[in-house]
$ cat target.tsv   # TSV, C-alpha atoms and all ligand atoms
chain	number	residue	atom	x	y	z
L	1	SER	CA	131.33	98.28	87.54
L	2	THR	CA	131.09	95.96	90.50
L	3	VAL	CA	128.00	93.85	91.10
L	4	LEU	CA	126.89	91.65	93.95
L	5	MET	CA	126.21	88.03	93.08
L	6	ASN	CA	125.32	85.42	95.69
L	7	GLY	CA	127.07	87.45	98.38
L	8	GLU	CA	130.27	88.19	96.43
L	9	PHE	CA	131.44	91.37	94.78
L	10	ILE	CA	132.53	90.66	91.20
L	11	PRO	CA	133.06	92.64	87.98
L	12	ARG	CA	129.88	93.15	85.90
L	13	GLU	CA	131.32	91.10	82.97
L	14	GLU	CA	131.86	88.07	85.19
L	15	ALA	CA	128.29	87.92	86.49
L	16	LYS	CA	126.51	85.10	84.63
L	17	VAL	CA	123.35	83.13	85.31
L	18	ASP	CA	122.58	79.57	84.30
L	19	ILE	CA	120.13	78.90	81.42
L	20	GLU	CA	118.07	76.85	83.88
L	21	ASP	CA	117.83	79.59	86.46
L	22	ARG	CA	114.15	79.77	87.39
L	23	GLY	CA	114.15	83.54	87.09
L	24	TYR	CA	115.19	83.15	83.45
L	25	GLN	CA	112.77	80.32	82.65
L	26	PHE	CA	109.69	81.16	84.72
L	27	GLY	CA	110.15	84.72	86.01
L	28	ASP	CA	110.17	82.85	89.33
L	29	GLY	CA	111.58	85.45	91.66
L	30	ILE	CA	111.17	88.85	93.26
L	31	TYR	CA	112.97	92.18	93.11
L	32	GLU	CA	113.32	95.68	94.52
L	33	VAL	CA	114.50	99.03	93.20
L	34	ILE	CA	115.87	101.41	95.83
L	35	ARG	CA	116.71	105.08	95.24
L	36	VAL	CA	120.14	106.32	96.19
L	37	TYR	CA	120.58	110.03	96.93
L	38	ASN	CA	123.93	111.40	98.05
L	39	GLY	CA	125.30	107.88	98.24
L	40	LYS	CA	122.60	106.88	100.77
L	41	MET	CA	119.64	104.57	100.27
L	42	PHE	CA	116.21	106.16	100.72
L	43	MET	CA	113.69	104.06	102.71
L	44	ALA	CA	115.92	100.98	102.55
L	45	LYS	CA	114.24	99.34	105.54
L	46	GLU	CA	110.78	99.61	103.93
L	47	HIS	CA	112.07	98.21	100.62
L	48	LEU	CA	113.82	95.29	102.30
L	49	GLU	CA	110.76	94.54	104.42
L	50	ARG	CA	108.63	94.45	101.27
L	51	LEU	CA	111.23	92.16	99.65
L	52	SER	CA	110.97	89.87	102.64
L	53	ALA	CA	107.15	89.95	102.46
L	54	SER	CA	107.24	89.16	98.70
L	55	SER	CA	109.63	86.26	99.32
L	56	GLU	CA	107.36	84.79	101.99
L	57	LYS	CA	104.30	85.09	99.74
L	58	ILE	CA	105.93	82.88	97.09
L	59	GLY	CA	108.00	80.66	99.38
L	60	ILE	CA	111.53	81.76	98.46
L	61	ALA	CA	113.75	81.48	101.53
L	62	ILE	CA	116.17	84.41	101.73
L	63	SER	CA	119.10	83.45	103.94
L	64	TYR	CA	120.21	87.05	104.65
L	65	SER	CA	118.76	89.18	107.43
L	66	ILE	CA	117.64	92.72	106.64
L	67	SER	CA	120.73	94.11	108.40
L	68	GLU	CA	123.06	91.77	106.47
L	69	LEU	CA	121.43	92.86	103.20
L	70	THR	CA	121.72	96.52	104.21
L	71	ASN	CA	125.44	96.12	104.86
L	72	LEU	CA	126.01	94.36	101.53
L	73	LEU	CA	124.05	97.01	99.61
L	74	GLU	CA	125.88	99.87	101.35
L	75	ALA	CA	129.20	98.24	100.39
L	76	LEU	CA	127.99	97.88	96.79
L	77	ILE	CA	127.12	101.58	96.63
L	78	ALA	CA	130.54	102.48	98.05
L	79	LYS	CA	132.43	100.19	95.65
L	80	ASN	CA	130.68	101.87	92.72
L	81	SER	CA	131.05	105.38	94.21
L	82	LEU	CA	127.35	105.93	93.45
L	83	SER	CA	125.94	109.28	94.46
L	84	THR	CA	122.54	109.70	92.72
L	85	GLY	CA	121.02	106.61	91.16
L	86	ILE	CA	119.29	103.37	91.87
L	87	LEU	CA	120.08	100.01	93.28
L	88	TYR	CA	118.42	96.99	91.62
L	89	MET	CA	118.27	93.65	93.43
L	90	GLN	CA	116.57	90.35	92.75
L	91	PHE	CA	116.26	86.86	94.17
L	92	THR	CA	115.16	83.95	92.00
L	93	ARG	CA	114.20	80.50	93.25
L	94	GLY	CA	117.57	79.25	91.97
L	95	THR	CA	118.89	76.90	89.29
L	96	SER	CA	117.40	73.45	88.80
L	97	PRO	CA	116.32	71.22	85.84
L	98	ARG	CA	113.20	72.75	84.32
L	99	ASN	CA	110.04	71.64	86.07
L	100	HIS	CA	107.19	73.93	87.09
L	101	GLY	CA	106.94	72.73	90.69
L	102	PHE	CA	109.44	74.04	93.23
L	103	PRO	CA	112.87	72.33	93.34
L	104	THR	CA	114.12	70.54	96.44
L	105	ASP	CA	115.18	72.57	99.47
L	106	ASP	CA	118.91	72.22	98.74
L	107	VAL	CA	118.53	74.54	95.72
L	108	THR	CA	119.59	78.01	96.87
L	109	PRO	CA	118.10	81.25	95.53
L	110	THR	CA	120.19	83.27	93.05
L	111	PHE	CA	120.83	86.76	94.41
L	112	VAL	CA	121.99	89.62	92.20
L	113	ALA	CA	122.29	93.34	92.94
L	114	TYR	CA	123.82	96.20	91.00
L	115	THR	CA	123.77	99.98	90.91
L	116	LYS	CA	122.97	102.39	88.12
L	117	LEU	CA	123.51	106.11	87.75
L	118	LEU	CA	120.17	107.90	87.45
L	119	GLN	CA	119.52	111.59	88.00
L	120	ARG	CA	116.30	112.86	89.55
L	121	PRO	CA	113.69	113.42	86.76
L	122	LEU	CA	113.69	117.20	87.26
L	123	GLU	CA	112.04	118.13	84.00
L	124	ASN	CA	109.12	115.73	84.47
L	125	LEU	CA	108.73	116.82	88.09
L	126	GLU	CA	108.45	120.43	86.94
L	127	ASN	CA	106.31	120.07	83.80
L	128	GLY	CA	104.41	116.81	84.23
L	129	VAL	CA	103.96	113.88	81.86
L	130	SER	CA	101.32	112.46	79.52
L	131	VAL	CA	99.68	109.07	80.02
L	132	ILE	CA	97.20	106.75	78.33
L	133	THR	CA	94.74	104.32	79.90
L	134	VAL	CA	94.97	100.58	79.17
L	135	GLU	CA	93.15	97.50	80.41
L	136	ASP	CA	94.85	95.78	83.34
L	137	ILE	CA	95.53	92.26	82.01
L	138	ARG	CA	97.72	91.17	84.93
L	139	TRP	CA	97.13	88.41	87.48
L	140	SER	CA	95.45	88.99	90.84
L	141	ARG	CA	98.57	89.02	93.03
L	142	CYS	CA	99.99	92.38	92.00
L	143	ASP	CA	100.91	92.94	95.66
L	144	ILE	CA	103.92	90.65	95.10
L	145	LYS	CA	106.90	92.45	93.53
L	146	SER	CA	107.48	89.54	91.19
L	147	LEU	CA	109.83	89.22	88.21
L	148	ASN	CA	106.79	88.18	86.14
L	149	LEU	CA	106.27	91.57	84.50
L	150	LEU	CA	104.81	90.74	81.10
L	151	GLY	CA	101.53	92.58	81.72
L	152	ASN	CA	103.45	95.63	82.93
L	153	VAL	CA	105.89	95.40	80.01
L	154	ILE	CA	103.05	95.35	77.45
L	155	ALA	CA	101.31	98.27	79.19
L	156	LYS	CA	104.52	100.35	79.20
L	157	GLN	CA	105.16	99.56	75.54
L	158	LYS	CA	101.67	100.83	74.65
L	159	ALA	CA	102.51	104.09	76.42
L	160	ALA	CA	105.79	104.37	74.52
L	161	GLU	CA	104.02	103.75	71.20
L	162	ALA	CA	101.53	106.51	72.06
L	163	GLY	CA	104.42	108.88	72.86
L	164	CYS	CA	103.48	108.79	76.55
L	165	TYR	CA	105.46	108.33	79.74
L	166	GLU	CA	103.17	105.82	81.45
L	167	SER	CA	100.04	103.68	81.07
L	168	ILE	CA	97.32	103.83	83.70
L	169	GLN	CA	95.71	100.41	84.02
L	170	TYR	CA	92.04	99.74	84.81
L	171	ARG	CA	90.33	96.54	85.88
L	172	GLU	CA	86.62	96.60	84.97
L	173	LEU	CA	85.63	100.13	86.02
L	174	SER	CA	88.40	100.81	88.54
L	175	VAL	CA	91.79	102.39	87.99
L	176	THR	CA	94.39	100.13	89.62
L	177	GLU	CA	97.91	101.54	89.06
L	178	GLY	CA	100.46	102.47	86.43
L	179	SER	CA	102.68	99.91	84.67
L	180	SER	CA	105.45	100.82	87.14
L	181	SER	CA	103.85	103.42	89.43
L	182	ASN	CA	100.91	104.15	91.72
L	183	ILE	CA	98.23	106.61	90.54
L	184	TRP	CA	96.60	109.41	92.52
L	185	ILE	CA	93.82	111.93	91.88
L	186	VAL	CA	93.07	115.19	93.69
L	187	ASN	CA	89.71	116.97	93.90
L	188	GLY	CA	89.74	120.23	95.83
L	189	GLU	CA	91.91	119.35	98.82
L	190	LYS	CA	91.08	115.64	98.76
L	191	ILE	CA	93.69	113.11	97.62
L	192	GLN	CA	92.70	109.59	96.55
L	193	THR	CA	94.55	106.41	95.54
L	194	HIS	CA	93.66	102.72	95.19
L	195	GLU	CA	93.62	100.80	98.47
L	196	ALA	CA	96.57	98.47	99.10
L	197	ASN	CA	95.15	95.06	98.18
L	198	GLN	CA	96.09	92.25	95.77
L	199	PHE	CA	95.41	94.40	92.69
L	200	ILE	CA	98.26	96.87	93.21
L	201	LEU	CA	101.80	96.98	94.45
L	202	ASN	CA	101.86	98.95	97.69
L	203	GLY	CA	104.57	101.37	96.58
L	204	ILE	CA	107.17	102.52	99.07
L	205	THR	CA	106.74	106.01	97.59
L	206	ARG	CA	102.97	105.56	98.06
L	207	GLN	CA	103.54	104.68	101.72
L	208	LYS	CA	105.71	107.77	102.21
L	209	ILE	CA	103.09	110.03	100.57
L	210	ILE	CA	100.39	108.60	102.86
L	211	GLN	CA	102.61	109.28	105.88
L	212	LEU	CA	103.24	112.85	104.67
L	213	CYS	CA	99.48	113.42	104.16
L	214	ASN	CA	98.76	112.21	107.68
L	215	GLU	CA	101.55	114.25	109.27
L	216	ASN	CA	100.45	117.40	107.46
L	217	GLY	CA	96.70	117.13	107.95
L	218	MET	CA	95.98	116.56	104.26
L	219	GLU	CA	92.75	114.77	103.36
L	220	LEU	CA	93.37	111.29	101.97
L	221	GLU	CA	91.22	108.35	100.96
L	222	GLU	CA	92.59	104.93	100.01
L	223	LYS	CA	89.82	103.69	97.73
L	224	ALA	CA	89.62	102.69	94.07
L	225	PHE	CA	88.29	105.35	91.69
L	226	SER	CA	86.88	105.05	88.17
L	227	ILE	CA	88.23	106.13	84.77
L	228	GLU	CA	85.59	108.89	84.86
L	229	ASP	CA	86.95	110.12	88.19
L	230	LEU	CA	90.41	110.11	86.61
L	231	ILE	CA	89.28	112.14	83.59
L	232	ASP	CA	87.33	114.63	85.76
L	233	ALA	CA	89.99	115.09	88.47
L	234	ASP	CA	91.46	118.51	89.34
L	235	GLU	CA	94.94	117.00	89.56
L	236	VAL	CA	96.49	113.63	88.73
L	237	PHE	CA	99.94	112.38	89.64
L	238	LEU	CA	101.94	109.17	89.77
L	239	SER	CA	104.44	107.93	92.31
L	240	SER	CA	107.38	105.55	92.19
L	241	THR	CA	110.91	105.13	93.45
L	242	THR	CA	112.47	106.47	90.25
L	243	SER	CA	109.74	109.00	89.33
L	244	GLU	CA	109.04	110.30	92.89
L	245	VAL	CA	105.87	112.50	92.76
L	246	THR	CA	105.41	113.14	89.02
L	247	PRO	CA	102.48	115.30	87.87
L	248	ILE	CA	100.25	113.94	85.09
L	249	THR	CA	99.10	116.78	82.86
L	250	SER	CA	97.35	114.83	80.12
L	251	VAL	CA	95.31	111.59	79.99
L	252	ASN	CA	94.51	110.05	76.58
L	253	ASN	CA	95.56	113.30	74.91
L	254	VAL	CA	93.11	115.38	76.99
L	255	PRO	CA	94.67	117.93	79.39
L	256	VAL	CA	94.04	117.47	83.12
L	257	LYS	CA	92.19	120.70	83.98
L	258	GLU	CA	94.26	123.38	82.22
L	259	GLY	CA	97.16	121.00	81.74
L	260	LYS	CA	99.13	122.71	84.50
L	261	VAL	CA	100.75	121.09	87.53
L	262	GLY	CA	98.31	121.32	90.46
L	263	GLU	CA	98.90	122.98	93.84
L	264	VAL	CA	98.32	119.88	95.98
L	265	THR	CA	100.74	117.93	93.78
L	266	LYS	CA	103.33	120.71	94.22
L	267	LYS	CA	102.86	120.68	97.98
L	268	LEU	CA	103.41	116.91	98.10
L	269	GLN	CA	106.50	117.24	95.90
L	270	GLY	CA	107.94	119.72	98.38
L	271	LEU	CA	107.19	117.50	101.36
L	272	PHE	CA	108.70	114.54	99.53
L	273	VAL	CA	111.93	116.40	98.80
L	274	ASP	CA	112.09	117.41	102.48
L	275	ALA	CA	111.76	113.71	103.38
L	276	ILE	CA	114.63	112.82	101.01
L	277	ILE	CA	116.84	115.55	102.47
L	278	GLY	CA	115.85	114.47	105.99
L	279	GLU	CA	117.01	110.93	105.36
L	280	CYS	CA	119.82	111.32	102.83
L	281	GLY	CA	121.00	114.91	103.27
L	282	GLN	CA	121.28	117.80	100.79
L	301	LIG	N1	103.33	99.68	90.98
L	301	LIG	C1	104.10	98.94	90.17
L	301	LIG	C2	103.46	97.92	89.29
L	301	LIG	C3	105.50	99.14	90.16
L	301	LIG	O1	106.28	98.39	89.36
L	301	LIG	C4	106.06	100.14	91.00
L	301	LIG	C5	107.52	100.39	91.03
L	301	LIG	O2	108.24	100.22	90.11
L	301	LIG	C6	105.21	100.90	91.81
L	301	LIG	C7	103.85	100.63	91.79
L	301	LIG	C8	105.75	101.95	92.72
L	301	LIG	O3	106.41	101.35	93.81
L	301	LIG	P1	107.61	102.08	94.56
L	301	LIG	O4	107.09	103.40	95.03
L	301	LIG	O5	107.93	101.15	95.68
L	301	LIG	O6	108.72	102.22	93.57

$ encode --input "target.tsv" --output "structure tokens"
Amino acid sequence: STVLMNGEFIPREEAKVDIEDRGYQFGDGIYEVIRVYNGKMFMAKEHLERLSASSEKIGIAISYSISELTNLLEALIAKNSLSTGILYMQFTRGTSPRNHGFPTDDVTPTFVAYTKLLQRPLENLENGVSVITVEDIRWSRCDIKSLNLLGNVIAKQKAAEAGCYESIQYRELSVTEGSSSNIWIVNGEKIQTHEANQFILNGITRQKIIQLCNENGMELEEKAFSIEDLIDADEVFLSSTTSEVTPITSVNNVPVKEGKVGEVTKKLQGLFVDAIIGECGQ
């Protein structure tokens, strides 16, 4: 396959990073994952704006404009003839002798992007997934889409060991988010998810769901809820770029209501698919 490295298209095997790249040594960088449907990026502008916001929050200067990045990523998708999949991209602070403080301004960020085939998770969308709850041990700047993912990695591993799809993290009494997803509960007609602050990543899928709720007169509150609220909810679902709107039918081995996919979740799934088709076609 062809990958993009520092603005050039090269074969996957030729893409190499230095052992003193700060992404490798410190996780000092930021990333994005963008869905590709029908060869077209979904919500690319929102992803690239979040990338730009993340880069500003940690002081990495990206020398490409959003339109330059869009053109490069579209070319990458075309070169790999990708229809349904994802595009992964990351910027690190660059290569420099190891030292915690930032290197001098002449050190340029390392930029890598590549595509991967990935079908829509149709079975999970239809039947739902199981999750466990775990303590949120991460730092307090989870709003930055940083390469430092150790807390998330450990949480996801615990889910895998429990035979579950995802871990739902809680900080003190509040549910924050999944290891790589945002978490939602539904009671009656009311939908609730953690507010966008420094304790969660403001998902692009989350933002689309909020827009769909507003456009369709669905009741929505952006406010943290407790583990008890999670356990007692009528419906629970998670959202992410790769998982879209995935129903959660069991938490800690206990079924959510009757363990069936809820009606509000199904309605949102339908609206979300309409949004994909609207932007990327059938
Ligand atoms: N929260 C975390 C910690 C994530 O890693 C992700 C995505 O992988 C999300 C939320 C969902 O974000 P998005 O909808 O932009 O994929």

$ residues_near_ligand --input "target.tsv" --ligand "ligand LIG 301 (chain L)" --cutoff "9 Å" --atoms "all atoms listed in the file" --output "JSON, numbers by chain"
{"L": [32, 33, 34, 35, 46, 47, 50, 142, 143, 145, 149, 152, 177, 178, 179, 180, 181, 182, 183, 200, 201, 202, 203, 204, 205, 206, 207, 208, 238, 239, 240, 241, 242, 243, 244]}

$ atom_distance --input "target.tsv" --atom1 "atom CA of L:Leu48" --atom2 "atom CA of L:Ser63"
13.1 Å

$ atom_distance --input "target.tsv" --atom1 "atom CA of L:Phe42" --atom2 "atom CA of L:Cys280"
6.6 Å

$ closest_residue --input "target.tsv" --among "L:Phe199, L:Tyr37, L:Tyr24, L:Tyr31" --to "L:Glu49" --atoms "all atoms listed in the file"
L:Tyr31

$ residues_near_point --input "target.tsv" --point "(93.0, 119.8, 87.9)" --cutoff "6 Å" --atoms "only C-alpha atoms" --output "list of chain:residue names"
L:Ala233, L:Asp234, L:Glu235, L:Val256, L:Lys257

$ axis_aligned_box --input "target.tsv" --around "stretch 199-203 of chain L" --padding-each-side "6 Å" --output "JSON"
{"center_x": 100.0, "center_y": 97.9, "center_z": 95.2, "size_x": 21.2, "size_y": 19.0, "size_z": 17.0}

$ closest_residue --input "target.tsv" --among "L:Asp28, L:Ser1, L:Arg141, L:Ile132" --to "L:Pro103" --atoms "only C-alpha atoms"
L:Asp28

$ closest_residue --input "target.tsv" --among "L:Gln25, L:Thr84, L:Asn38, L:Lys57" --to "L:Gly278" --atoms "all atoms listed in the file"
L:Asn38

$ closest_atom_pairs --input "target.tsv" --of "stretch 29-105 of chain L" --to "stretch 13-21 of chain L" --cutoff "8 Å" --atoms "all atoms listed in the file" --output "tab-separated table"
residue	atom	partner	partner_atom	distance
L:Thr92	CA	L:Asp21	CA	7.5
L:Arg93	CA	L:Asp21	CA	7.8
L:Gly94	CA	L:Asp21	CA	5.5
L:Thr95	CA	L:Asp21	CA	4.0
L:Ser96	CA	L:Glu20	CA	6.0
L:Pro97	CA	L:Glu20	CA	6.2
L:Arg98	CA	L:Glu20	CA	6.4

$ closest_residue --input "target.tsv" --among "L:Val129, L:Ala113, L:Met218, L:Val186" --to "L:Gly259" --atoms "all atoms listed in the file"
L:Val129
